[in-house]
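Just below is one structure, and these are the notes that go with it.
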Amino acid sequence: MGVPGDYDVIIVGGGPVGLVLGNLLGQGGIRTLLVEKTTAEPRQSMAIGITPPSLEILSRVGLDATFIKEAVKIDHARIFEEKKLRGELRFNSLAGQYPFILSLPQAKTISLLEENLENFSSVRVQRHCHFLTAEEEHNHIKVVLRPDDNHDQLQKTRILVGCDGHRSDVRTAAAIPCIKARIYPHSFIMADFHDRTDFGNKAHLYFNRAGALESFPLPEKQRRWILQLNQDQKHPDGSTLIMGIKQRSGLDLIPADCGTLNCFNVHRFVCNRYFTRRIVLCGDAAHVMSPIGGQGMNTGFADAEYLASILIRHFHHSQDLETMLNDYDRVRRQAFMVAADRAARGMWLGTRRGRTASFLRGLGVSILLNTSFSNRLPPYFAMQTIPGRSRSPYHFSPGTPG
Ligand SMILES: Cc1cc2nc3c(=O)[nH]c(=O)nc-3n(C[C@H](O)[C@H](O)[C@H](O)COP(=O)(O)OP(=O)(O)OC[C@H]3O[C@@H](n4cnc5c(N)ncnc54)[C@H](O)[C@@H]3O)c2cc1C
């Protein structure tokens, strides 16, 4: 299928971040083409946690109520050490309109965002279409796209945004290197199970001398379980997960209730520049952090919000792009560093093994959660204290371009 005309913005990648950006640009009336190479939604649920700042972003495009309706509201997290309850985190004390963290499979997040794009006539979506290369000219970029069922297409756009994930082809085309890359030694196995527990909307975090175990509610009576693997578990399977859950929480899960298994390692990087003259990176294309802590997609949403406000100002008010993109690089890089350091610290604390580590962690967690200090923790875990949103000088109101 051909795509007529030129665009103000081409977004490569119809993952959660590209779709949020598409919605925000659509809200601002920017002529946008979004291309996505896959034909189907991801099979695994991947990101599930949606924080209050992200709900504020979704409210700008009229989607907060829809997400709340489809998702589970986590208003409580219980923390255990060696199966003994050490304390609770209560998100219902959070300030603002959304005193909870939502849990929704990433595939559902993607489909809700994509459906909403139909409300914006300035945005076109082309699935089954690969981004191949880009060449920057004086005042535009030539982009080569390859639809699955057609010859290569040449499109002209004023801005190209790579929302194409951690292996970003746009980042490669722009020759932007990644820095501060780190591979952590931890690996995890996870699956979503039919939920027969009586945990309701509560998250459960089990710290243990043998390793960590996390459990989060999902819609439709499902529950996600994530188990830290031992280093000698080279070929983990469903029974590895079920035995680990039994060992670290005492719960017996049924193999027939186990959905698709997903194993993942943890790495981190940030690109050394978020933009070249007319090519910008956003979301995982620009940075990756540990998924433990559930902040990667939420950080990408905030990148998309900041970038959309800049692009809308540029196209509607001719405001200087380079100055604003320098701010984007600085502000969103700082937000990433804060979130990624928190994710790394949380993972370090939760994954320490052995008796002494377990004893000290149990003591520390009990003190943190059972003193007045505990009031500071819900905003921290709900990402309300990550810098880089309220400070944006380019904040725009819904429906008012620029
Ligand atoms: C196990 C796990 C659990 C996680 N849990 C959470 C969580 O609870 N909360 C949270 O905030 N984050 C979480 N994350 C992180 C989160 O999944 C990512 O940060 C998020 O997916 C990034 O979104 P994105 O849109 O930037 O990139 P992606 O989701 O990677 O999307 C990129 C899109 O670009 C497309 N694409 C790539 N190349 C091309 C090309 N050349 N042409 C056209 N299209 C292309 C891809 O097909 C893909 O659809 C988790 C990650 C993992 C692995």
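Ordered as shown in the structure tokens, chains take letters A, B, and onward, while each chain numbers its residues from 1 and ligands are numbered from 1 in the order shown.
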
Q.
Can you work out which residues are within 8 Å of ligand 1, considering only C-alpha atoms and all ligand atoms, and then hand them over as a PyMOL selection string?
A. chain A and resi 12-19+35-38+41-42+45-51+103+106+128-132+145+163-170+190+262-264+282-285+288-300

**Q.** All residues 6 Å or closer to Val161 in chain A, only C-alpha atoms, same chain fewer than 6 positions away omitted, as a list in words
**A.** Ile11, Ile279, Val280 and Leu281 of chain A

Q: Give the helix (DSSP H, G or I) residues of range 57-196 of chain A, as DSSP finds them on the backbone, and put them as a PyMOL selection string.
A: chain A and resi 57-60+64-70+91-93+106-119+169-173

Q: List the neighbours of Val9 in chain A out to 10 Å using only C-alpha atoms; skip same-chain residues closer than 4 positions along the sequence, and give me the result as a list in words.
A: Gly22, Leu25, Ile30, Arg31, Thr32, Leu33, Leu34, Val123, Ile141, Lys156, Thr157, Arg158, Ile159, Leu160, Val161, Arg278, Ile279 and Leu311 of chain A

Q | Residue neighbourhood Thr66 in chain A, 12 Å, only C-alpha atoms, exclusion window fewer than 3 positions, as a ChimeraX atom specification | A | /A:55,58-59,61-63,69-72,102,104,108-109,111-113,115-116

Restricting the output to N, CA and C atoms, write the selected residues as a PDB file, in the first residue's frame.
```pdb
ATOM      1  N   LEU A  55      -0.206   7.952  33.583  1.00  0.00           N
ATOM      2  CA  LEU A  55      -1.662   8.154  33.429  1.00  0.00           C
ATOM      3  C   LEU A  55      -1.980   9.615  33.129  1.00  0.00           C
ATOM      4  N   LEU A  58      -1.425   9.884  29.507  1.00  0.00           N
ATOM      5  CA  LEU A  58      -2.525   9.250  28.762  1.00  0.00           C
ATOM      6  C   LEU A  58      -3.796  10.093  28.832  1.00  0.00           C
ATOM      7  N   SER A  59      -3.961  10.837  29.917  1.00  0.00           N
ATOM      8  CA  SER A  59      -5.165  11.679  30.041  1.00  0.00           C
ATOM      9  C   SER A  59      -5.156  12.791  28.988  1.00  0.00           C
ATOM     10  N   VAL A  61      -4.550  12.507  25.965  1.00  0.00           N
ATOM     11  CA  VAL A  61      -5.161  12.031  24.712  1.00  0.00           C
ATOM     12  C   VAL A  61      -6.460  11.276  25.015  1.00  0.00           C
ATOM     13  N   GLY A  62      -7.010  11.545  26.180  1.00  0.00           N
ATOM     14  CA  GLY A  62      -8.339  11.020  26.524  1.00  0.00           C
ATOM     15  C   GLY A  62      -8.368   9.545  26.851  1.00  0.00           C
ATOM     16  N   LEU A  63      -7.223   8.982  27.300  1.00  0.00           N
ATOM     17  CA  LEU A  63      -7.191   7.525  27.482  1.00  0.00           C
ATOM     18  C   LEU A  63      -7.092   7.056  28.929  1.00  0.00           C
ATOM     19  N   LYS A  69     -10.192   1.402  33.290  1.00  0.00           N
ATOM     20  CA  LYS A  69     -11.267   0.404  33.163  1.00  0.00           C
ATOM     21  C   LYS A  69     -10.705  -0.986  32.783  1.00  0.00           C
ATOM     22  N   GLU A  70      -9.702  -1.000  31.926  1.00  0.00           N
ATOM     23  CA  GLU A  70      -9.184  -2.287  31.418  1.00  0.00           C
ATOM     24  C   GLU A  70      -8.185  -2.949  32.361  1.00  0.00           C
ATOM     25  N   ALA A  71      -7.556  -2.145  33.235  1.00  0.00           N
ATOM     26  CA  ALA A  71      -6.418  -2.648  34.016  1.00  0.00           C
ATOM     27  C   ALA A  71      -6.829  -3.016  35.435  1.00  0.00           C
ATOM     28  N   VAL A  72      -5.872  -3.563  36.173  1.00  0.00           N
ATOM     29  CA  VAL A  72      -6.049  -3.783  37.614  1.00  0.00           C
ATOM     30  C   VAL A  72      -5.331  -2.650  38.338  1.00  0.00           C
ATOM     31  N   LEU A 102      -1.245   1.053  37.798  1.00  0.00           N
ATOM     32  CA  LEU A 102      -2.079   0.151  36.988  1.00  0.00           C
ATOM     33  C   LEU A 102      -1.256  -1.036  36.522  1.00  0.00           C
ATOM     34  N   LEU A 104      -1.410  -3.734  33.406  1.00  0.00           N
ATOM     35  CA  LEU A 104      -2.065  -4.078  32.137  1.00  0.00           C
ATOM     36  C   LEU A 104      -1.008  -4.679  31.206  1.00  0.00           C
ATOM     37  N   LYS A 108      -2.063  -5.201  25.405  1.00  0.00           N
ATOM     38  CA  LYS A 108      -3.330  -4.466  25.538  1.00  0.00           C
ATOM     39  C   LYS A 108      -3.063  -2.952  25.499  1.00  0.00           C
ATOM     40  N   THR A 109      -1.975  -2.536  26.134  1.00  0.00           N
ATOM     41  CA  THR A 109      -1.580  -1.110  26.079  1.00  0.00           C
ATOM     42  C   THR A 109      -1.420  -0.686  24.623  1.00  0.00           C
ATOM     43  N   SER A 111      -2.716  -2.105  21.905  1.00  0.00           N
ATOM     44  CA  SER A 111      -3.955  -2.082  21.099  1.00  0.00           C
ATOM     45  C   SER A 111      -4.827  -0.880  21.485  1.00  0.00           C
ATOM     46  N   LEU A 112      -4.866  -0.498  22.753  1.00  0.00           N
ATOM     47  CA  LEU A 112      -5.668   0.685  23.131  1.00  0.00           C
ATOM     48  C   LEU A 112      -5.098   1.954  22.505  1.00  0.00           C
ATOM     49  N   LEU A 113      -3.768   2.057  22.513  1.00  0.00           N
ATOM     50  CA  LEU A 113      -3.137   3.256  21.942  1.00  0.00           C
ATOM     51  C   LEU A 113      -3.349   3.315  20.431  1.00  0.00           C
ATOM     52  N   GLU A 115      -5.805   1.900  18.646  1.00  0.00           N
ATOM     53  CA  GLU A 115      -7.222   2.210  18.349  1.00  0.00           C
ATOM     54  C   GLU A 115      -7.492   3.709  18.473  1.00  0.00           C
ATOM     55  N   ASN A 116      -6.883   4.332  19.476  1.00  0.00           N
ATOM     56  CA  ASN A 116      -7.143   5.751  19.732  1.00  0.00           C
ATOM     57  C   ASN A 116      -6.612   6.657  18.615  1.00  0.00           C
TER      58      ASN A 116
END
```

(Q) One decimal, in Å: what's the spacing between CA of Pro255 in chain A and CA of Lys221 in chain A? (A) 16.1 Å

Q. Can you tell me, as number ranges by chain, what residues are no more than 12 Å from range 240-252 of chain A when counting only C-alpha atoms, ignoring any on the same chain fewer than 6 positions away?
A. A: 79-85, 188-193, 195-199, 204-215, 224-230, 232-234, 258-263

Next, write the just-selected residues to a file, as a PDB file, in the first residue's frame, keeping C-alpha atoms as the atom set.
```pdb
ATOM      1  CA  ILE A  79       7.159  -7.330  51.130  1.00  0.00           C
ATOM      2  CA  PHE A  80       8.404 -10.668  52.525  1.00  0.00           C
ATOM      3  CA  GLU A  81      11.844 -11.874  53.622  1.00  0.00           C
ATOM      4  CA  GLU A  82      12.228 -15.642  53.968  1.00  0.00           C
ATOM      5  CA  LYS A  83       8.407 -15.941  53.552  1.00  0.00           C
ATOM      6  CA  LYS A  84       7.785 -13.697  56.579  1.00  0.00           C
ATOM      7  CA  LEU A  85       5.780 -10.516  55.959  1.00  0.00           C
ATOM      8  CA  PHE A 188      15.020 -14.221  35.362  1.00  0.00           C
ATOM      9  CA  ILE A 189      12.181 -16.424  34.187  1.00  0.00           C
ATOM     10  CA  MET A 190       8.600 -15.223  34.159  1.00  0.00           C
ATOM     11  CA  ALA A 191       5.103 -16.291  33.137  1.00  0.00           C
ATOM     12  CA  ASP A 192       1.523 -15.181  33.624  1.00  0.00           C
ATOM     13  CA  PHE A 193      -0.629 -17.764  35.439  1.00  0.00           C
ATOM     14  CA  ASP A 195      -4.608 -16.706  39.451  1.00  0.00           C
ATOM     15  CA  ARG A 196      -5.972 -19.005  42.172  1.00  0.00           C
ATOM     16  CA  THR A 197      -4.441 -17.014  45.054  1.00  0.00           C
ATOM     17  CA  ASP A 198      -6.462 -14.751  47.328  1.00  0.00           C
ATOM     18  CA  PHE A 199      -3.971 -11.874  46.873  1.00  0.00           C
ATOM     19  CA  HIS A 204       3.848  -9.546  46.514  1.00  0.00           C
ATOM     20  CA  LEU A 205       7.648  -9.235  46.648  1.00  0.00           C
ATOM     21  CA  TYR A 206       9.455 -12.212  48.196  1.00  0.00           C
ATOM     22  CA  PHE A 207      13.089 -11.665  49.100  1.00  0.00           C
ATOM     23  CA  ASN A 208      14.947 -14.779  49.991  1.00  0.00           C
ATOM     24  CA  ARG A 209      18.472 -16.063  50.650  1.00  0.00           C
ATOM     25  CA  ALA A 210      18.063 -18.197  47.493  1.00  0.00           C
ATOM     26  CA  GLY A 211      17.006 -15.230  45.293  1.00  0.00           C
ATOM     27  CA  ALA A 212      14.028 -12.980  44.545  1.00  0.00           C
ATOM     28  CA  LEU A 213      10.464 -13.722  43.475  1.00  0.00           C
ATOM     29  CA  GLU A 214       7.883 -11.111  42.438  1.00  0.00           C
ATOM     30  CA  SER A 215       4.169 -11.456  41.794  1.00  0.00           C
ATOM     31  CA  ARG A 224       2.537 -12.531  36.726  1.00  0.00           C
ATOM     32  CA  TRP A 225       5.322 -14.431  38.521  1.00  0.00           C
ATOM     33  CA  ILE A 226       8.994 -13.467  38.017  1.00  0.00           C
ATOM     34  CA  LEU A 227      11.743 -15.654  39.488  1.00  0.00           C
ATOM     35  CA  GLN A 228      15.439 -14.841  39.796  1.00  0.00           C
ATOM     36  CA  LEU A 229      17.341 -17.826  38.396  1.00  0.00           C
ATOM     37  CA  ASN A 230      20.368 -19.509  39.929  1.00  0.00           C
ATOM     38  CA  ASP A 232      23.568 -22.998  37.177  1.00  0.00           C
ATOM     39  CA  GLN A 233      20.032 -23.031  35.715  1.00  0.00           C
ATOM     40  CA  LYS A 234      21.004 -22.911  32.038  1.00  0.00           C
ATOM     41  CA  CYS A 258       1.124 -21.427  33.381  1.00  0.00           C
ATOM     42  CA  GLY A 259       1.113 -19.191  30.278  1.00  0.00           C
ATOM     43  CA  THR A 260       4.022 -18.522  27.879  1.00  0.00           C
ATOM     44  CA  LEU A 261       7.431 -18.552  29.575  1.00  0.00           C
ATOM     45  CA  ASN A 262       9.846 -15.703  29.033  1.00  0.00           C
ATOM     46  CA  CYS A 263      13.483 -15.649  30.177  1.00  0.00           C
TER      47      CYS A 263
END
```

Q. When distances are computed from only C-alpha atoms, which of A:Ala302, A:Ala77, A:Ile110, A:Leu117 shows the smallest separation from Ala40 in chain A?
A. A:Ile110

Q: Give the strand (DSSP E) residues of range 165-287 of chain A, as DSSP finds them on the backbone, and put them as a ChimeraX atom specification.
A: /A:178-194,202-207,213-218,222-228,262-271,279-281,287

Using N, CA and C atoms, can you export the residues from the last selection as a short mmCIF file (atom, residue, chain, number, x, y, z; two decimals), in the first residue's frame?
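Saved result, selection14.cif, follows:
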```cif
data_model
loop_
_atom_site.label_atom_id
_atom_site.label_comp_id
_atom_site.auth_asym_id
_atom_site.auth_seq_id
_atom_site.Cartn_x
_atom_site.Cartn_y
_atom_site.Cartn_z
N CYS A 178 25.98 3.96 21.50
CA CYS A 178 25.47 3.81 22.88
C CYS A 178 26.65 3.88 23.84
N ILE A 179 26.42 4.46 25.00
CA ILE A 179 27.49 4.53 26.00
C ILE A 179 26.97 3.93 27.30
N LYS A 180 27.89 3.79 28.23
CA LYS A 180 27.56 3.28 29.57
C LYS A 180 26.79 1.96 29.48
N ALA A 181 27.18 1.12 28.49
CA ALA A 181 26.48 -0.16 28.36
C ALA A 181 26.96 -1.11 29.46
N ARG A 182 26.02 -1.86 30.00
CA ARG A 182 26.36 -2.76 31.10
C ARG A 182 25.47 -3.99 31.03
N ILE A 183 26.07 -5.16 31.16
CA ILE A 183 25.24 -6.37 31.24
C ILE A 183 25.35 -6.88 32.68
N TYR A 184 24.21 -7.03 33.32
CA TYR A 184 24.21 -7.50 34.71
C TYR A 184 24.23 -9.03 34.73
N PRO A 185 24.74 -9.62 35.80
CA PRO A 185 24.84 -11.09 35.82
C PRO A 185 23.52 -11.79 36.10
N HIS A 186 22.47 -11.03 36.39
CA HIS A 186 21.21 -11.68 36.82
C HIS A 186 20.39 -12.14 35.62
N SER A 187 19.71 -13.27 35.79
CA SER A 187 18.72 -13.66 34.79
C SER A 187 17.45 -14.12 35.50
N PHE A 188 16.34 -14.00 34.77
CA PHE A 188 15.02 -14.22 35.36
C PHE A 188 14.17 -15.06 34.41
N ILE A 189 13.20 -15.74 35.00
CA ILE A 189 12.18 -16.42 34.19
C ILE A 189 10.83 -15.92 34.67
N MET A 190 9.91 -15.70 33.74
CA MET A 190 8.60 -15.22 34.16
C MET A 190 7.50 -15.84 33.31
N ALA A 191 6.29 -15.84 33.88
CA ALA A 191 5.10 -16.29 33.14
C ALA A 191 3.88 -15.72 33.83
N ASP A 192 2.81 -15.59 33.06
CA ASP A 192 1.52 -15.18 33.62
C ASP A 192 0.70 -16.45 33.84
N PHE A 193 0.14 -16.58 35.04
CA PHE A 193 -0.63 -17.76 35.44
C PHE A 193 -2.09 -17.39 35.65
N HIS A 194 -2.97 -18.36 35.45
CA HIS A 194 -4.33 -18.20 35.95
C HIS A 194 -4.21 -18.06 37.47
N LYS A 202 -3.16 -7.04 45.16
CA LYS A 202 -1.89 -6.75 45.84
C LYS A 202 -0.71 -7.36 45.08
N ALA A 203 0.39 -6.59 45.04
CA ALA A 203 1.66 -7.14 44.54
C ALA A 203 2.36 -7.80 45.72
N HIS A 204 3.07 -8.88 45.46
CA HIS A 204 3.85 -9.55 46.51
C HIS A 204 5.31 -9.62 46.08
N LEU A 205 6.21 -9.14 46.93
CA LEU A 205 7.65 -9.24 46.65
C LEU A 205 8.27 -10.14 47.71
N TYR A 206 8.85 -11.27 47.26
CA TYR A 206 9.45 -12.21 48.20
C TYR A 206 10.97 -12.13 48.05
N PHE A 207 11.62 -11.61 49.09
CA PHE A 207 13.09 -11.67 49.10
C PHE A 207 13.49 -12.91 49.88
N LEU A 213 11.68 -13.28 44.17
CA LEU A 213 10.46 -13.72 43.48
C LEU A 213 9.47 -12.56 43.55
N GLU A 214 8.85 -12.21 42.43
CA GLU A 214 7.88 -11.11 42.44
C GLU A 214 6.58 -11.60 41.83
N SER A 215 5.48 -11.02 42.29
CA SER A 215 4.17 -11.46 41.79
C SER A 215 3.23 -10.26 41.70
N PHE A 216 2.62 -10.09 40.53
CA PHE A 216 1.77 -8.92 40.28
C PHE A 216 0.43 -9.35 39.70
N PRO A 217 -0.65 -8.71 40.16
CA PRO A 217 -1.96 -9.05 39.59
C PRO A 217 -2.08 -8.52 38.16
N LEU A 218 -2.87 -9.21 37.36
CA LEU A 218 -3.18 -8.78 35.99
C LEU A 218 -4.69 -8.87 35.80
N GLN A 222 -5.53 -13.16 35.98
CA GLN A 222 -4.19 -13.64 35.70
C GLN A 222 -3.23 -13.04 36.74
N ARG A 223 -2.07 -13.65 36.90
CA ARG A 223 -1.06 -13.11 37.80
C ARG A 223 0.32 -13.40 37.23
N ARG A 224 1.17 -12.38 37.22
CA ARG A 224 2.54 -12.53 36.73
C ARG A 224 3.46 -12.98 37.84
N TRP A 225 4.29 -13.99 37.57
CA TRP A 225 5.32 -14.43 38.52
C TRP A 225 6.68 -14.29 37.85
N ILE A 226 7.64 -13.66 38.56
CA ILE A 226 8.99 -13.47 38.02
C ILE A 226 9.98 -14.04 39.03
N LEU A 227 10.82 -14.96 38.58
CA LEU A 227 11.74 -15.65 39.49
C LEU A 227 13.18 -15.36 39.08
N GLN A 228 14.00 -14.99 40.06
CA GLN A 228 15.44 -14.84 39.80
C GLN A 228 16.05 -16.24 39.70
N ASN A 262 8.95 -16.70 29.62
CA ASN A 262 9.85 -15.70 29.03
C ASN A 262 11.07 -15.59 29.94
N CYS A 263 12.26 -15.83 29.39
CA CYS A 263 13.48 -15.65 30.18
C CYS A 263 14.15 -14.36 29.74
N PHE A 264 14.69 -13.61 30.65
CA PHE A 264 15.40 -12.39 30.24
C PHE A 264 16.61 -12.12 31.11
N ASN A 265 17.61 -11.52 30.46
CA ASN A 265 18.79 -11.02 31.17
C ASN A 265 18.61 -9.52 31.30
N VAL A 266 19.48 -8.92 32.05
CA VAL A 266 19.30 -7.50 32.33
C VAL A 266 20.49 -6.70 31.79
N HIS A 267 20.20 -5.70 31.00
CA HIS A 267 21.28 -4.82 30.57
C HIS A 267 20.85 -3.37 30.64
N ARG A 268 21.81 -2.50 30.42
CA ARG A 268 21.54 -1.06 30.56
C ARG A 268 22.44 -0.32 29.57
N PHE A 269 21.90 0.67 28.91
CA PHE A 269 22.73 1.60 28.14
C PHE A 269 21.96 2.89 27.92
N VAL A 270 22.69 3.91 27.51
CA VAL A 270 22.04 5.13 27.05
C VAL A 270 22.82 5.60 25.83
N CYS A 271 22.14 6.20 24.85
CA CYS A 271 22.87 6.64 23.67
C CYS A 271 23.60 7.95 24.00
N ILE A 279 17.02 13.85 13.26
CA ILE A 279 16.66 12.50 13.70
C ILE A 279 16.69 12.48 15.23
N VAL A 280 15.61 12.00 15.83
CA VAL A 280 15.51 12.01 17.30
C VAL A 280 15.22 10.59 17.78
N LEU A 281 15.78 10.23 18.91
CA LEU A 281 15.51 8.91 19.52
C LEU A 281 14.64 9.08 20.76
N HIS A 287 17.53 4.45 25.30
CA HIS A 287 18.05 3.98 26.59
C HIS A 287 17.34 2.70 27.02
#
```

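Reported to one decimal place, the separation of CA of Ala175 in chain A from CA of Thr276 in chain A is 9.0 Å.
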